[in-house]
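Student: protein.cif is the file, holding mmCIF, C-alpha atoms:
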```cif
data_final
loop_
_atom_site.group_PDB
_atom_site.id
_atom_site.type_symbol
_atom_site.label_atom_id
_atom_site.label_comp_id
_atom_site.auth_asym_id
_atom_site.auth_seq_id
_atom_site.Cartn_x
_atom_site.Cartn_y
_atom_site.Cartn_z
ATOM 1 C CA LYS A 570 100.181 63.010 94.522
ATOM 2 C CA GLN A 571 101.695 66.459 94.940
ATOM 3 C CA GLU A 572 99.708 69.083 93.106
ATOM 4 C CA VAL A 573 99.668 72.836 92.791
ATOM 5 C CA THR A 574 96.436 74.286 91.426
ATOM 6 C CA GLN A 575 95.502 77.741 90.234
ATOM 7 C CA ILE A 576 91.862 78.565 89.794
ATOM 8 C CA PRO A 577 90.507 80.222 87.724
ATOM 9 C CA ALA A 578 92.590 79.451 84.664
ATOM 10 C CA ALA A 579 91.568 82.771 83.122
ATOM 11 C CA LEU A 580 90.176 86.018 84.476
ATOM 12 C CA SER A 581 88.957 89.205 82.821
ATOM 13 C CA VAL A 582 88.326 92.395 84.807
ATOM 14 C CA PRO A 583 87.755 96.077 84.033
ATOM 15 C CA GLU A 584 90.576 98.476 84.749
ATOM 16 C CA GLY A 585 90.655 99.656 88.353
ATOM 17 C CA GLU A 586 89.180 96.521 89.842
ATOM 18 C CA ASN A 587 91.233 94.570 92.391
ATOM 19 C CA LEU A 588 92.575 91.189 91.298
ATOM 20 C CA VAL A 589 92.560 88.112 93.517
ATOM 21 C CA LEU A 590 94.563 85.142 92.282
ATOM 22 C CA ASN A 591 94.597 81.817 94.096
ATOM 23 C CA CYS A 592 97.187 79.082 94.403
ATOM 24 C CA SER A 593 96.399 75.848 96.248
ATOM 25 C CA PHE A 594 98.891 73.197 97.284
ATOM 26 C CA THR A 595 98.363 69.834 98.927
ATOM 27 C CA ASP A 596 101.347 69.588 101.268
ATOM 28 C CA SER A 597 101.957 72.080 104.067
ATOM 29 C CA ALA A 598 105.652 71.126 104.318
ATOM 30 C CA ILE A 599 106.862 73.799 101.966
ATOM 31 C CA TYR A 600 109.992 75.918 102.012
ATOM 32 C CA ASN A 601 108.488 78.859 100.253
ATOM 33 C CA LEU A 602 106.052 79.975 97.597
ATOM 34 C CA GLN A 603 107.008 82.315 94.789
ATOM 35 C CA TRP A 604 104.737 84.286 92.473
ATOM 36 C CA PHE A 605 105.716 85.101 88.902
ATOM 37 C CA ARG A 606 104.365 87.046 85.988
ATOM 38 C CA GLN A 607 104.833 85.834 82.414
ATOM 39 C CA ASP A 608 104.073 87.893 79.339
ATOM 40 C CA PRO A 609 103.332 85.999 76.090
ATOM 41 C CA GLY A 610 106.476 84.423 74.643
ATOM 42 C CA LYS A 611 108.649 85.781 77.439
ATOM 43 C CA GLY A 612 110.455 84.452 80.486
ATOM 44 C CA LEU A 613 109.248 84.622 84.082
ATOM 45 C CA THR A 614 109.470 87.776 86.189
ATOM 46 C CA SER A 615 109.532 87.212 89.938
ATOM 47 C CA LEU A 616 106.922 89.226 91.817
ATOM 48 C CA LEU A 617 106.993 88.072 95.417
ATOM 49 C CA LEU A 618 108.525 85.301 97.500
ATOM 50 C CA ILE A 619 106.920 84.158 100.749
ATOM 51 C CA GLN A 620 108.958 81.940 103.009
ATOM 52 C CA SER A 621 107.226 79.266 105.054
ATOM 53 C CA SER A 622 107.711 81.277 108.264
ATOM 54 C CA GLN A 623 105.960 84.323 106.796
ATOM 55 C CA ARG A 624 102.250 85.091 106.411
ATOM 56 C CA GLU A 625 102.473 87.751 103.723
ATOM 57 C CA GLN A 626 104.697 89.915 101.547
ATOM 58 C CA THR A 627 103.961 93.254 99.943
ATOM 59 C CA SER A 628 105.459 95.163 97.047
ATOM 60 C CA GLY A 629 103.688 98.262 95.778
ATOM 61 C CA ARG A 630 100.214 97.274 94.574
ATOM 62 C CA LEU A 631 100.972 93.591 95.121
ATOM 63 C CA ASN A 632 100.320 91.609 98.272
ATOM 64 C CA ALA A 633 100.753 87.880 98.647
ATOM 65 C CA SER A 634 99.560 85.821 101.598
ATOM 66 C CA LEU A 635 100.387 82.295 102.673
ATOM 67 C CA ASP A 636 98.245 79.991 104.773
ATOM 68 C CA LYS A 637 99.988 76.649 105.149
ATOM 69 C CA SER A 638 97.218 75.090 107.237
ATOM 70 C CA SER A 639 94.703 75.527 104.440
ATOM 71 C CA GLY A 640 97.260 74.980 101.662
ATOM 72 C CA ARG A 641 96.609 78.288 99.993
ATOM 73 C CA SER A 642 98.431 81.367 98.787
ATOM 74 C CA THR A 643 96.647 84.408 97.418
ATOM 75 C CA LEU A 644 98.072 87.185 95.269
ATOM 76 C CA TYR A 645 96.224 90.494 95.444
ATOM 77 C CA ILE A 646 96.794 93.188 92.843
ATOM 78 C CA ALA A 647 95.182 96.481 93.782
ATOM 79 C CA ALA A 648 93.667 98.881 91.266
ATOM 80 C CA SER A 649 94.454 96.778 88.210
ATOM 81 C CA GLN A 650 95.827 98.371 85.041
ATOM 82 C CA PRO A 651 95.907 97.123 81.443
ATOM 83 C CA GLY A 652 99.651 96.605 81.879
ATOM 84 C CA ASP A 653 98.861 93.948 84.496
ATOM 85 C CA SER A 654 97.520 91.700 81.742
ATOM 86 C CA ALA A 655 99.702 88.574 81.774
ATOM 87 C CA THR A 656 99.781 85.019 83.052
ATOM 88 C CA TYR A 657 100.489 84.684 86.762
ATOM 89 C CA LEU A 658 102.174 81.533 88.037
ATOM 90 C CA CYS A 659 102.872 80.286 91.523
ATOM 91 C CA LEU A 660 105.809 78.022 92.347
ATOM 92 C CA GLU A 661 105.871 75.778 95.366
ATOM 93 C CA VAL A 662 109.298 74.847 96.707
ATOM 94 C CA LYS A 663 109.394 71.888 99.024
ATOM 95 C CA ALA A 664 112.083 70.737 101.388
ATOM 96 C CA ALA A 665 114.536 67.914 100.838
ATOM 97 C CA GLY A 666 115.476 67.290 97.255
ATOM 98 C CA ASN A 667 114.617 70.829 96.249
ATOM 99 C CA LYS A 668 111.244 69.781 94.823
ATOM 100 C CA LEU A 669 109.788 72.560 92.668
ATOM 101 C CA THR A 670 106.260 72.520 91.239
ATOM 102 C CA PHE A 671 104.485 75.216 89.282
ATOM 103 C CA GLY A 672 100.763 75.809 89.280
ATOM 104 C CA GLY A 673 99.014 75.851 85.916
ATOM 105 C CA GLY A 674 98.774 79.647 85.901
ATOM 106 C CA THR A 675 95.982 82.203 85.720
ATOM 107 C CA ARG A 676 95.735 84.233 82.523
ATOM 108 C CA VAL A 677 94.606 87.770 83.389
ATOM 109 C CA LEU A 678 93.132 90.348 81.046
ATOM 110 C CA VAL A 679 92.539 93.865 82.343
ATOM 111 C CA LYS A 680 90.261 95.756 79.983
ATOM 112 C CA PRO A 681 90.626 99.551 79.640
ATOM 113 C CA ASP B 1342 123.079 94.354 86.415
ATOM 114 C CA ALA B 1343 123.362 90.805 87.676
ATOM 115 C CA MET B 1344 121.290 88.534 85.511
ATOM 116 C CA VAL B 1345 120.547 85.244 83.825
ATOM 117 C CA ILE B 1346 121.278 85.180 80.090
ATOM 118 C CA GLN B 1347 120.080 82.650 77.558
ATOM 119 C CA ASN B 1348 121.365 82.222 74.030
ATOM 120 C CA PRO B 1349 120.039 82.028 71.482
ATOM 121 C CA ARG B 1350 116.577 83.447 72.110
ATOM 122 C CA TYR B 1351 115.187 81.489 69.169
ATOM 123 C CA GLN B 1352 116.574 78.204 67.877
ATOM 124 C CA VAL B 1353 115.416 76.192 64.909
ATOM 125 C CA THR B 1354 116.635 72.654 64.427
ATOM 126 C CA GLN B 1355 115.737 69.664 62.311
ATOM 127 C CA PHE B 1356 114.142 66.493 63.534
ATOM 128 C CA GLY B 1357 116.897 64.307 64.979
ATOM 129 C CA LYS B 1358 119.667 66.924 64.729
ATOM 130 C CA PRO B 1359 121.423 67.539 68.057
ATOM 131 C CA VAL B 1360 121.020 71.006 69.519
ATOM 132 C CA THR B 1361 122.585 72.841 72.467
ATOM 133 C CA LEU B 1362 121.035 75.699 74.399
ATOM 134 C CA SER B 1363 123.153 77.970 76.544
ATOM 135 C CA CYS B 1364 122.609 79.699 79.872
ATOM 136 C CA SER B 1365 124.967 81.959 81.763
ATOM 137 C CA GLN B 1366 124.626 83.899 84.998
ATOM 138 C CA THR B 1367 126.406 86.784 86.662
ATOM 139 C CA LEU B 1368 124.708 86.210 90.037
ATOM 140 C CA ASN B 1369 127.357 83.715 91.210
ATOM 141 C CA HIS B 1370 124.573 81.380 92.318
ATOM 142 C CA ASN B 1371 125.284 77.800 93.285
ATOM 143 C CA VAL B 1372 122.231 76.251 91.655
ATOM 144 C CA MET B 1373 121.211 76.302 87.996
ATOM 145 C CA TYR B 1374 117.970 74.811 86.668
ATOM 146 C CA TRP B 1375 116.498 73.913 83.297
ATOM 147 C CA TYR B 1376 112.761 73.952 82.725
ATOM 148 C CA GLN B 1377 110.693 73.006 79.700
ATOM 149 C CA GLN B 1378 107.506 74.968 79.015
ATOM 150 C CA LYS B 1379 105.173 73.850 76.274
ATOM 151 C CA SER B 1380 102.494 76.123 74.854
ATOM 152 C CA SER B 1381 99.853 77.127 77.435
ATOM 153 C CA GLN B 1382 101.404 74.880 80.076
ATOM 154 C CA ALA B 1383 103.313 75.509 83.273
ATOM 155 C CA PRO B 1384 107.102 75.148 83.276
ATOM 156 C CA LYS B 1385 108.312 71.653 84.107
ATOM 157 C CA LEU B 1386 111.645 71.090 85.815
ATOM 158 C CA LEU B 1387 113.999 68.868 83.802
ATOM 159 C CA PHE B 1388 117.070 68.887 86.066
ATOM 160 C CA HIS B 1389 119.290 71.101 88.131
ATOM 161 C CA TYR B 1390 122.934 71.445 89.097
ATOM 162 C CA TYR B 1391 123.874 72.132 92.678
ATOM 163 C CA ASP B 1392 127.421 73.303 92.136
ATOM 164 C CA LYS B 1393 128.827 70.352 90.134
ATOM 165 C CA ASP B 1394 126.273 67.874 91.429
ATOM 166 C CA PHE B 1395 123.754 66.946 88.706
ATOM 167 C CA ASN B 1396 120.171 66.195 89.805
ATOM 168 C CA ASN B 1397 117.845 64.710 87.210
ATOM 169 C CA GLU B 1398 114.058 64.660 87.589
ATOM 170 C CA ALA B 1399 112.672 61.120 87.486
ATOM 171 C CA ASP B 1400 110.556 61.677 84.377
ATOM 172 C CA THR B 1401 113.066 63.636 82.288
ATOM 173 C CA PRO B 1402 113.696 61.745 79.027
ATOM 174 C CA ASP B 1403 117.197 60.418 78.365
ATOM 175 C CA ASN B 1404 117.230 62.550 75.231
ATOM 176 C CA PHE B 1405 117.918 65.563 77.459
ATOM 177 C CA GLN B 1406 121.369 66.065 78.926
ATOM 178 C CA SER B 1407 123.085 68.929 80.670
ATOM 179 C CA ARG B 1408 126.590 70.187 81.321
ATOM 180 C CA ARG B 1409 127.915 72.751 83.737
ATOM 181 C CA PRO B 1410 131.583 73.425 82.976
ATOM 182 C CA ASN B 1411 131.885 76.213 85.542
ATOM 183 C CA THR B 1412 129.788 78.252 87.964
ATOM 184 C CA SER B 1413 128.642 80.714 85.327
ATOM 185 C CA PHE B 1414 127.559 78.464 82.469
ATOM 186 C CA CYS B 1415 125.099 75.634 82.022
ATOM 187 C CA PHE B 1416 124.125 73.918 78.771
ATOM 188 C CA LEU B 1417 121.095 71.907 77.751
ATOM 189 C CA ASP B 1418 121.796 69.275 75.096
ATOM 190 C CA ILE B 1419 118.984 67.596 73.202
ATOM 191 C CA ARG B 1420 120.537 64.601 71.496
ATOM 192 C CA SER B 1421 117.824 63.778 68.971
ATOM 193 C CA PRO B 1422 115.059 66.388 69.004
ATOM 194 C CA GLY B 1423 111.588 65.223 68.172
ATOM 195 C CA LEU B 1424 108.573 67.315 67.212
ATOM 196 C CA GLY B 1425 107.333 66.970 70.782
ATOM 197 C CA ASP B 1426 110.427 68.744 72.090
ATOM 198 C CA ALA B 1427 109.405 72.049 70.553
ATOM 199 C CA ALA B 1428 108.939 74.339 73.533
ATOM 200 C CA MET B 1429 110.290 77.287 75.475
ATOM 201 C CA TYR B 1430 113.329 76.286 77.522
ATOM 202 C CA LEU B 1431 113.864 78.337 80.631
ATOM 203 C CA CYS B 1432 117.025 78.556 82.676
ATOM 204 C CA ALA B 1433 116.881 79.664 86.292
ATOM 205 C CA THR B 1434 119.284 80.091 89.170
ATOM 206 C CA SER B 1435 119.077 80.217 92.933
ATOM 207 C CA ARG B 1436 121.692 81.183 95.442
ATOM 208 C CA ASP B 1437 121.439 77.823 97.174
ATOM 209 C CA ARG B 1438 118.932 75.054 97.935
ATOM 210 C CA ASP B 1439 118.489 75.994 101.566
ATOM 211 C CA ARG B 1440 115.036 77.365 102.326
ATOM 212 C CA SER B 1441 116.300 80.895 102.791
ATOM 213 C CA TYR B 1442 118.185 81.048 99.533
ATOM 214 C CA ASN B 1443 116.226 79.156 96.905
ATOM 215 C CA GLU B 1444 114.412 82.097 95.327
ATOM 216 C CA GLN B 1445 114.350 81.427 91.590
ATOM 217 C CA PHE B 1446 115.727 83.922 89.052
ATOM 218 C CA PHE B 1447 114.800 83.228 85.453
ATOM 219 C CA GLY B 1448 116.362 84.035 82.122
ATOM 220 C CA PRO B 1449 114.292 85.171 79.122
ATOM 221 C CA GLY B 1450 114.071 81.676 77.652
ATOM 222 C CA THR B 1451 114.984 80.043 74.345
ATOM 223 C CA ARG B 1452 112.148 79.091 72.040
ATOM 224 C CA LEU B 1453 113.011 75.874 70.209
ATOM 225 C CA THR B 1454 111.347 74.966 66.930
ATOM 226 C CA VAL B 1455 111.810 71.472 65.488
ATOM 227 C CA LEU B 1456 111.174 71.070 61.764
#
```
Represent the structure contained in this file as structure tokens.
Tutor:
Amino acid sequence: KQEVTQIPAALSVPEGENLVLNCSFTDSAIYNLQWFRQDPGKGLTSLLLIQSSQREQTSGRLNASLDKSSGRSTLYIAASQPGDSATYLCLEVKAAGNKLTFGGGTRVLVKP
Amino acid sequence: DAMVIQNPRYQVTQFGKPVTLSCSQTLNHNVMYWYQQKSSQAPKLLFHYYDKDFNNEADTPDNFQSRRPNTSFCFLDIRSPGLGDAAMYLCATSRDRDRSYNEQFFGPGTRLTVL
């Protein structure tokens, strides 16, 4: 059964600490993996997209890596700030049939 | 700015009373998606349109229907809402389904309450 897993489900860190968020998937035949941020009661904001041919993507304090052989993507957020508090979701996009599956999300709290 | 717009942002309906949610996009993308997100859960894909071609997910209830009258607009119809259909409904678009162009762009969502 296809599954996308995010562990831990919740994470609390002091301001300034680096965040490491994990996304695991069971099938290496993916098109791409996309990371999103969701604030409570809001829609999804795209953070980074990694295509299957890429190993990582960077945007400002954010860096996402993709390792298809181990079925893992990691989102790093450097020098966390209270404004980074949100739920972070990964989305796996597979090939034929445009199969899209979200992970369960990691709820992050950055304490001042 | 090019974007995905959802109206209304909040919708209240009565048990069993049909309701329609609206999504529009100025991105001129070929693909439009509808997701359902229940409280503290991940979004779940209901269906998508690739141009005029409708693609239903296998486990989407028959109670949910969709229409795409043109490239810009897509509607989600819930024929007889039940209490279990209360959720956030998210619309998304992608330029295409090809691996290089299926980055998802989301609207702000419509929160549906069923009384």
Student: Apply the PyMOL selection byres ((chain B and resi 1445) around 12) to the structure shown and report the selected residues as a ChimeraX atom specification.
Tutor: /A:601-605,613-618,659-662,667,669,671 /B:1344-1345,1368,1370-1376,1389,1431-1438,1440-1444,1446-1448
Student: How many Å lie between atom CA of A:Ser621 and atom CA of A:Ser639, rounded to one decimal?
Tutor: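 Answer for the atom CA of A:Ser621 to atom CA of A:Ser639 separation: 13.1 Å.
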Student: Of the candidates B:Ser1413, B:Thr1401, B:Thr1367, B:Gln1347, which one gets nearest to chain A if we count only C-alpha atoms?
Tutor: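 Of B:Ser1413, B:Thr1401, B:Thr1367, B:Gln1347, the one nearest chain A, counting only C-alpha atoms, is B:Gln1347.
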Student: With distances taken over only C-alpha atoms, which of B:Cys1364, B:Ile1346, B:Val1353, B:Leu1386 is nearest to chain A?
Tutor: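 Selected residue with least distance to chain A: B:Leu1386.
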Student: What does the PyMOL selection byres ((chain A and resi 577-594) around 8) select in this file, as a count of residues only?
Tutor: 33
Student: Pick the closest to chain A from B:Glu1398, B:Asp1418, B:Asp1426, B:Asp1392: which is it, counting all atoms listed in the file?
Tutor: B:Glu1398
Student: Have stretch 1368-1379 of chain B completed to all heavy atoms, please, and pass it along as a PDB file, in the coordinates of the input.
Tutor:
```
ATOM      1  N   LEU B1368     125.153  86.109  88.644  1.00  0.00           N
ATOM      2  CA  LEU B1368     124.708  86.210  90.037  1.00  0.00           C
ATOM      3  C   LEU B1368     125.611  85.434  90.982  1.00  0.00           C
ATOM      4  O   LEU B1368     125.465  85.546  92.198  1.00  0.00           O
ATOM      5  CB  LEU B1368     123.270  85.695  90.150  1.00  0.00           C
ATOM      6  CG  LEU B1368     122.233  86.493  89.359  1.00  0.00           C
ATOM      7  CD1 LEU B1368     120.971  85.675  89.145  1.00  0.00           C
ATOM      8  CD2 LEU B1368     121.903  87.778  90.100  1.00  0.00           C
ATOM      9  N   ASN B1369     126.485  84.582  90.413  1.00  0.00           N
ATOM     10  CA  ASN B1369     127.357  83.715  91.210  1.00  0.00           C
ATOM     11  C   ASN B1369     126.544  82.776  92.116  1.00  0.00           C
ATOM     12  O   ASN B1369     126.939  82.492  93.252  1.00  0.00           O
ATOM     13  CB  ASN B1369     128.332  84.536  92.060  1.00  0.00           C
ATOM     14  CG  ASN B1369     129.562  83.746  92.461  1.00  0.00           C
ATOM     15  OD1 ASN B1369     130.005  82.865  91.724  1.00  0.00           O
ATOM     16  ND2 ASN B1369     130.102  84.032  93.628  1.00  0.00           N
ATOM     17  N   HIS B1370     125.430  82.298  91.566  1.00  0.00           N
ATOM     18  CA  HIS B1370     124.573  81.380  92.318  1.00  0.00           C
ATOM     19  C   HIS B1370     125.069  79.950  92.204  1.00  0.00           C
ATOM     20  O   HIS B1370     125.631  79.546  91.179  1.00  0.00           O
ATOM     21  CB  HIS B1370     123.131  81.470  91.806  1.00  0.00           C
ATOM     22  CG  HIS B1370     122.408  82.676  92.303  1.00  0.00           C
ATOM     23  ND1 HIS B1370     121.129  82.993  91.897  1.00  0.00           N
ATOM     24  CD2 HIS B1370     122.757  83.631  93.192  1.00  0.00           C
ATOM     25  CE1 HIS B1370     120.732  84.082  92.525  1.00  0.00           C
ATOM     26  NE2 HIS B1370     121.713  84.498  93.303  1.00  0.00           N
ATOM     27  N   ASN B1371     124.818  79.188  93.255  1.00  0.00           N
ATOM     28  CA  ASN B1371     125.284  77.800  93.285  1.00  0.00           C
ATOM     29  C   ASN B1371     124.439  76.862  92.441  1.00  0.00           C
ATOM     30  O   ASN B1371     124.924  75.828  91.984  1.00  0.00           O
ATOM     31  CB  ASN B1371     125.288  77.271  94.726  1.00  0.00           C
ATOM     32  CG  ASN B1371     126.400  77.880  95.555  1.00  0.00           C
ATOM     33  OD1 ASN B1371     127.464  78.195  95.034  1.00  0.00           O
ATOM     34  ND2 ASN B1371     126.153  78.052  96.840  1.00  0.00           N
ATOM     35  N   VAL B1372     123.156  77.186  92.278  1.00  0.00           N
ATOM     36  CA  VAL B1372     122.231  76.251  91.655  1.00  0.00           C
ATOM     37  C   VAL B1372     121.746  76.809  90.316  1.00  0.00           C
ATOM     38  O   VAL B1372     121.401  77.990  90.214  1.00  0.00           O
ATOM     39  CB  VAL B1372     121.008  75.966  92.553  1.00  0.00           C
ATOM     40  CG1 VAL B1372     120.249  74.744  92.046  1.00  0.00           C
ATOM     41  CG2 VAL B1372     121.420  75.766  94.006  1.00  0.00           C
ATOM     42  N   MET B1373     121.748  75.937  89.307  1.00  0.00           N
ATOM     43  CA  MET B1373     121.211  76.302  87.996  1.00  0.00           C
ATOM     44  C   MET B1373     120.218  75.231  87.579  1.00  0.00           C
ATOM     45  O   MET B1373     120.457  74.036  87.760  1.00  0.00           O
ATOM     46  CB  MET B1373     122.319  76.457  86.961  1.00  0.00           C
ATOM     47  CG  MET B1373     123.265  77.614  87.271  1.00  0.00           C
ATOM     48  SD  MET B1373     124.463  77.971  85.981  1.00  0.00           S
ATOM     49  CE  MET B1373     123.443  78.835  84.778  1.00  0.00           C
ATOM     50  N   TYR B1374     119.084  75.687  87.007  1.00  0.00           N
ATOM     51  CA  TYR B1374     117.970  74.811  86.668  1.00  0.00           C
ATOM     52  C   TYR B1374     117.624  74.948  85.180  1.00  0.00           C
ATOM     53  O   TYR B1374     117.748  76.026  84.604  1.00  0.00           O
ATOM     54  CB  TYR B1374     116.708  75.219  87.450  1.00  0.00           C
ATOM     55  CG  TYR B1374     116.848  75.364  88.932  1.00  0.00           C
ATOM     56  CD1 TYR B1374     117.398  76.510  89.501  1.00  0.00           C
ATOM     57  CD2 TYR B1374     116.378  74.374  89.792  1.00  0.00           C
ATOM     58  CE1 TYR B1374     117.503  76.662  90.877  1.00  0.00           C
ATOM     59  CE2 TYR B1374     116.462  74.522  91.175  1.00  0.00           C
ATOM     60  CZ  TYR B1374     117.030  75.664  91.706  1.00  0.00           C
ATOM     61  OH  TYR B1374     117.115  75.804  93.065  1.00  0.00           O
ATOM     62  N   TRP B1375     117.102  73.868  84.626  1.00  0.00           N
ATOM     63  CA  TRP B1375     116.498  73.913  83.297  1.00  0.00           C
ATOM     64  C   TRP B1375     115.054  73.447  83.390  1.00  0.00           C
ATOM     65  O   TRP B1375     114.770  72.388  83.960  1.00  0.00           O
ATOM     66  CB  TRP B1375     117.251  73.019  82.308  1.00  0.00           C
ATOM     67  CG  TRP B1375     118.494  73.624  81.750  1.00  0.00           C
ATOM     68  CD1 TRP B1375     119.776  73.338  82.096  1.00  0.00           C
ATOM     69  CD2 TRP B1375     118.572  74.626  80.734  1.00  0.00           C
ATOM     70  NE1 TRP B1375     120.658  74.099  81.368  1.00  0.00           N
ATOM     71  CE2 TRP B1375     119.942  74.897  80.511  1.00  0.00           C
ATOM     72  CE3 TRP B1375     117.630  75.322  79.969  1.00  0.00           C
ATOM     73  CZ2 TRP B1375     120.389  75.828  79.576  1.00  0.00           C
ATOM     74  CZ3 TRP B1375     118.072  76.237  79.042  1.00  0.00           C
ATOM     75  CH2 TRP B1375     119.435  76.488  78.853  1.00  0.00           C
ATOM     76  N   TYR B1376     114.177  74.268  82.797  1.00  0.00           N
ATOM     77  CA  TYR B1376     112.761  73.952  82.725  1.00  0.00           C
ATOM     78  C   TYR B1376     112.340  73.873  81.260  1.00  0.00           C
ATOM     79  O   TYR B1376     112.864  74.601  80.412  1.00  0.00           O
ATOM     80  CB  TYR B1376     111.919  75.060  83.377  1.00  0.00           C
ATOM     81  CG  TYR B1376     112.033  75.205  84.868  1.00  0.00           C
ATOM     82  CD1 TYR B1376     113.070  75.948  85.437  1.00  0.00           C
ATOM     83  CD2 TYR B1376     111.083  74.649  85.708  1.00  0.00           C
ATOM     84  CE1 TYR B1376     113.158  76.115  86.813  1.00  0.00           C
ATOM     85  CE2 TYR B1376     111.149  74.821  87.086  1.00  0.00           C
ATOM     86  CZ  TYR B1376     112.195  75.551  87.621  1.00  0.00           C
ATOM     87  OH  TYR B1376     112.266  75.716  88.979  1.00  0.00           O
ATOM     88  N   GLN B1377     111.342  73.060  81.004  1.00  0.00           N
ATOM     89  CA  GLN B1377     110.693  73.006  79.700  1.00  0.00           C
ATOM     90  C   GLN B1377     109.269  73.534  79.862  1.00  0.00           C
ATOM     91  O   GLN B1377     108.560  73.104  80.761  1.00  0.00           O
ATOM     92  CB  GLN B1377     110.648  71.567  79.176  1.00  0.00           C
ATOM     93  CG  GLN B1377     109.949  71.413  77.827  1.00  0.00           C
ATOM     94  CD  GLN B1377     109.670  69.948  77.506  1.00  0.00           C
ATOM     95  OE1 GLN B1377     108.933  69.284  78.213  1.00  0.00           O
ATOM     96  NE2 GLN B1377     110.272  69.454  76.435  1.00  0.00           N
ATOM     97  N   GLN B1378     108.878  74.453  78.977  1.00  0.00           N
ATOM     98  CA  GLN B1378     107.506  74.968  79.015  1.00  0.00           C
ATOM     99  C   GLN B1378     106.891  74.849  77.637  1.00  0.00           C
ATOM    100  O   GLN B1378     107.286  75.544  76.699  1.00  0.00           O
ATOM    101  CB  GLN B1378     107.475  76.424  79.489  1.00  0.00           C
ATOM    102  CG  GLN B1378     106.051  76.947  79.686  1.00  0.00           C
ATOM    103  CD  GLN B1378     105.989  78.375  80.167  1.00  0.00           C
ATOM    104  OE1 GLN B1378     106.894  79.164  79.915  1.00  0.00           O
ATOM    105  NE2 GLN B1378     104.928  78.733  80.873  1.00  0.00           N
ATOM    106  N   LYS B1379     105.905  73.985  77.521  1.00  0.00           N
ATOM    107  CA  LYS B1379     105.173  73.850  76.274  1.00  0.00           C
ATOM    108  C   LYS B1379     104.024  74.851  76.244  1.00  0.00           C
ATOM    109  O   LYS B1379     103.632  75.391  77.287  1.00  0.00           O
ATOM    110  CB  LYS B1379     104.682  72.424  76.101  1.00  0.00           C
ATOM    111  CG  LYS B1379     105.837  71.440  75.937  1.00  0.00           C
ATOM    112  CD  LYS B1379     105.377  70.044  75.596  1.00  0.00           C
ATOM    113  CE  LYS B1379     106.573  69.133  75.379  1.00  0.00           C
ATOM    114  NZ  LYS B1379     106.167  67.741  75.049  1.00  0.00           N
TER     115      LYS B1379
END
```
